[in-house]
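K.L.:
The structure that follows is given in the form of structure tokens.
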Amino acid sequence: MDTPRKLAVLIVMIVPTFVGAGAVWDLFESWIAVLIWVVIMGVVAGNILTGKLLTGGDHEA
């Protein structure tokens with residue numbers, strides 16, 4: 001994956017991270033829970049960038 005596309009994926013992943021963090025705060029009112037959410041979203045974004053979230057069969061770049 002080329003660099004501009006990686007940056008675009010990271011920028012797009014900011015939206016669900018912010019929205020999800022707000023929802024987590026509303027439910028739990030805990031900064032620890034929000035931090036856990038942000039870490040989870042970071043792992044998901046990292047897996048998307050490395051290609052580990054591809055579904056079905058063998059995919060080659």
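We label chains A, B, ... in the order they appear in the structure tokens, count residues from 1 in each chain, and number ligands from 1 in the order shown.
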Residues near segment 29-42 of chain A, anyone? I mean within 12 Å using only C-alpha atoms, not counting same-chain ones fewer than 5 positions away, as a list in words.
P.N.:
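Those residues are Val9, Leu10, Ile11, Val12, Met13, Ile14, Val15, Pro16, Thr17, Phe18, Val19, Gly20, Ala21, Gly22, Ala23, Val24, Asn47, Ile48 and Leu49 of chain A.
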K.L.:
Could those selected residues go to a file with N, CA and C atoms, as a short mmCIF file (atom, residue, chain, number, x, y, z; two decimals), in the first residue's frame?
P.N.:
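Printed below is result.cif as written:
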data_model
loop_
_atom_site.label_atom_id
_atom_site.label_comp_id
_atom_site.auth_asym_id
_atom_site.auth_seq_id
_atom_site.Cartn_x
_atom_site.Cartn_y
_atom_site.Cartn_z
N VAL A 9 -6.15 6.20 5.10
CA VAL A 9 -6.77 5.24 6.01
C VAL A 9 -6.70 5.74 7.44
N LEU A 10 -5.56 6.27 7.84
CA LEU A 10 -5.41 6.78 9.20
C LEU A 10 -6.34 7.97 9.45
N ILE A 11 -6.48 8.85 8.47
CA ILE A 11 -7.37 9.99 8.63
C ILE A 11 -8.82 9.53 8.75
N VAL A 12 -9.21 8.57 7.93
CA VAL A 12 -10.59 8.06 7.98
C VAL A 12 -10.85 7.35 9.31
N MET A 13 -9.85 6.69 9.87
CA MET A 13 -10.03 5.98 11.14
C MET A 13 -10.18 6.92 12.32
N ILE A 14 -9.86 8.20 12.15
CA ILE A 14 -10.03 9.17 13.23
C ILE A 14 -11.52 9.34 13.57
N VAL A 15 -12.38 9.30 12.56
CA VAL A 15 -13.81 9.54 12.78
C VAL A 15 -14.43 8.49 13.71
N PRO A 16 -14.31 7.18 13.42
CA PRO A 16 -14.91 6.23 14.35
C PRO A 16 -14.23 6.22 15.72
N THR A 17 -12.96 6.62 15.76
CA THR A 17 -12.28 6.69 17.05
C THR A 17 -12.89 7.79 17.91
N PHE A 18 -13.08 8.98 17.33
CA PHE A 18 -13.69 10.08 18.09
C PHE A 18 -15.13 9.77 18.49
N VAL A 19 -15.91 9.30 17.54
CA VAL A 19 -17.33 9.01 17.83
C VAL A 19 -17.43 7.89 18.87
N GLY A 20 -16.64 6.85 18.67
CA GLY A 20 -16.67 5.74 19.63
C GLY A 20 -16.20 6.15 21.00
N ALA A 21 -15.18 7.01 21.06
CA ALA A 21 -14.69 7.47 22.36
C ALA A 21 -15.77 8.27 23.08
N GLY A 22 -16.51 9.08 22.34
CA GLY A 22 -17.62 9.82 22.95
C GLY A 22 -18.70 8.90 23.48
N ALA A 23 -19.02 7.86 22.72
CA ALA A 23 -20.03 6.89 23.16
C ALA A 23 -19.55 6.12 24.38
N VAL A 24 -18.29 5.74 24.38
CA VAL A 24 -17.73 5.01 25.52
C VAL A 24 -17.74 5.90 26.76
N ASN A 47 -3.74 -3.03 11.75
CA ASN A 47 -4.01 -4.26 11.01
C ASN A 47 -4.49 -3.97 9.60
N ILE A 48 -5.25 -2.93 9.44
CA ILE A 48 -5.68 -2.54 8.10
C ILE A 48 -4.47 -2.15 7.26
N LEU A 49 -3.57 -1.38 7.84
CA LEU A 49 -2.39 -0.92 7.10
C LEU A 49 -1.44 -2.06 6.74
#
K.L.:
Give the alpha helix (DSSP H) residues of chain A, as assigned by DSSP on the backbone, as a ChimeraX atom specification.
P.N.:
/A:3-28,31-50
K.L.:
Take the residues just selected and output them with N, CA and C atoms as a short mmCIF file (atom, residue, chain, number, x, y, z; two decimals), in the first residue's frame.
P.N.:
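Written out: part_15.cif:
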data_model
loop_
_atom_site.label_atom_id
_atom_site.label_comp_id
_atom_site.auth_asym_id
_atom_site.auth_seq_id
_atom_site.Cartn_x
_atom_site.Cartn_y
_atom_site.Cartn_z
N THR A 3 2.09 5.26 0.41
CA THR A 3 2.03 6.18 1.55
C THR A 3 0.78 7.06 1.57
N PRO A 4 0.36 7.67 0.45
CA PRO A 4 -0.85 8.50 0.52
C PRO A 4 -2.10 7.70 0.94
N ARG A 5 -2.16 6.45 0.48
CA ARG A 5 -3.32 5.64 0.86
C ARG A 5 -3.26 5.29 2.35
N LYS A 6 -2.09 5.01 2.87
CA LYS A 6 -1.94 4.74 4.30
C LYS A 6 -2.38 5.95 5.13
N LEU A 7 -1.95 7.12 4.70
CA LEU A 7 -2.35 8.34 5.41
C LEU A 7 -3.86 8.55 5.35
N ALA A 8 -4.46 8.25 4.20
CA ALA A 8 -5.91 8.39 4.06
C ALA A 8 -6.65 7.43 4.99
N VAL A 9 -6.15 6.20 5.10
CA VAL A 9 -6.77 5.24 6.01
C VAL A 9 -6.70 5.74 7.44
N LEU A 10 -5.56 6.27 7.84
CA LEU A 10 -5.41 6.78 9.20
C LEU A 10 -6.34 7.97 9.45
N ILE A 11 -6.48 8.85 8.47
CA ILE A 11 -7.37 9.99 8.63
C ILE A 11 -8.82 9.53 8.75
N VAL A 12 -9.21 8.57 7.93
CA VAL A 12 -10.59 8.06 7.98
C VAL A 12 -10.85 7.35 9.31
N MET A 13 -9.85 6.69 9.87
CA MET A 13 -10.03 5.98 11.14
C MET A 13 -10.18 6.92 12.32
N ILE A 14 -9.86 8.20 12.15
CA ILE A 14 -10.03 9.17 13.23
C ILE A 14 -11.52 9.34 13.57
N VAL A 15 -12.38 9.30 12.56
CA VAL A 15 -13.81 9.54 12.78
C VAL A 15 -14.43 8.49 13.71
N PRO A 16 -14.31 7.18 13.42
CA PRO A 16 -14.91 6.23 14.35
C PRO A 16 -14.23 6.22 15.72
N THR A 17 -12.96 6.62 15.76
CA THR A 17 -12.28 6.69 17.05
C THR A 17 -12.89 7.79 17.91
N PHE A 18 -13.08 8.98 17.33
CA PHE A 18 -13.69 10.08 18.09
C PHE A 18 -15.13 9.77 18.49
N VAL A 19 -15.91 9.30 17.54
CA VAL A 19 -17.33 9.01 17.83
C VAL A 19 -17.43 7.89 18.87
N GLY A 20 -16.64 6.85 18.67
CA GLY A 20 -16.67 5.74 19.63
C GLY A 20 -16.20 6.15 21.00
N ALA A 21 -15.18 7.01 21.06
CA ALA A 21 -14.69 7.47 22.36
C ALA A 21 -15.77 8.27 23.08
N GLY A 22 -16.51 9.08 22.34
CA GLY A 22 -17.62 9.82 22.95
C GLY A 22 -18.70 8.90 23.48
N ALA A 23 -19.02 7.86 22.72
CA ALA A 23 -20.03 6.89 23.16
C ALA A 23 -19.55 6.12 24.38
N VAL A 24 -18.29 5.74 24.38
CA VAL A 24 -17.73 5.01 25.52
C VAL A 24 -17.74 5.90 26.76
N TRP A 25 -17.39 7.18 26.59
CA TRP A 25 -17.42 8.10 27.73
C TRP A 25 -18.85 8.24 28.26
N ASP A 26 -19.83 8.35 27.36
CA ASP A 26 -21.22 8.50 27.78
C ASP A 26 -21.71 7.27 28.55
N LEU A 27 -21.25 6.09 28.14
CA LEU A 27 -21.68 4.86 28.81
C LEU A 27 -20.99 4.64 30.15
N PHE A 28 -19.67 4.84 30.18
CA PHE A 28 -18.90 4.45 31.36
C PHE A 28 -18.36 5.62 32.18
N TRP A 31 -12.06 7.50 31.89
CA TRP A 31 -10.99 7.76 30.93
C TRP A 31 -10.24 6.49 30.58
N ILE A 32 -10.22 5.53 31.50
CA ILE A 32 -9.56 4.25 31.22
C ILE A 32 -10.30 3.53 30.09
N ALA A 33 -11.63 3.53 30.13
CA ALA A 33 -12.42 2.90 29.08
C ALA A 33 -12.19 3.59 27.74
N VAL A 34 -12.11 4.91 27.76
CA VAL A 34 -11.84 5.66 26.52
C VAL A 34 -10.46 5.31 25.99
N LEU A 35 -9.47 5.23 26.87
CA LEU A 35 -8.12 4.86 26.46
C LEU A 35 -8.09 3.46 25.83
N ILE A 36 -8.82 2.53 26.43
CA ILE A 36 -8.89 1.18 25.87
C ILE A 36 -9.50 1.22 24.48
N TRP A 37 -10.56 2.02 24.29
CA TRP A 37 -11.18 2.15 22.97
C TRP A 37 -10.18 2.69 21.94
N VAL A 38 -9.44 3.71 22.32
CA VAL A 38 -8.47 4.32 21.41
C VAL A 38 -7.38 3.30 21.04
N VAL A 39 -6.94 2.52 22.00
CA VAL A 39 -5.93 1.50 21.72
C VAL A 39 -6.49 0.44 20.78
N ILE A 40 -7.72 0.01 21.01
CA ILE A 40 -8.36 -0.97 20.12
C ILE A 40 -8.43 -0.42 18.70
N MET A 41 -8.84 0.82 18.55
CA MET A 41 -8.94 1.41 17.21
C MET A 41 -7.56 1.55 16.58
N GLY A 42 -6.54 1.82 17.38
CA GLY A 42 -5.18 1.88 16.86
C GLY A 42 -4.73 0.53 16.33
N VAL A 43 -5.07 -0.53 17.05
CA VAL A 43 -4.73 -1.88 16.60
C VAL A 43 -5.46 -2.21 15.30
N VAL A 44 -6.74 -1.86 15.23
CA VAL A 44 -7.51 -2.10 14.00
C VAL A 44 -6.90 -1.35 12.83
N ALA A 45 -6.56 -0.08 13.04
CA ALA A 45 -5.94 0.71 11.96
C ALA A 45 -4.60 0.10 11.54
N GLY A 46 -3.83 -0.34 12.51
CA GLY A 46 -2.54 -0.97 12.20
C GLY A 46 -2.72 -2.24 11.40
N ASN A 47 -3.74 -3.03 11.75
CA ASN A 47 -4.01 -4.26 11.01
C ASN A 47 -4.49 -3.97 9.60
N ILE A 48 -5.25 -2.93 9.44
CA ILE A 48 -5.68 -2.54 8.10
C ILE A 48 -4.47 -2.15 7.26
N LEU A 49 -3.57 -1.38 7.84
CA LEU A 49 -2.39 -0.92 7.10
C LEU A 49 -1.44 -2.06 6.74
N THR A 50 -1.35 -3.06 7.59
CA THR A 50 -0.46 -4.18 7.30
C THR A 50 -1.13 -5.26 6.48
#
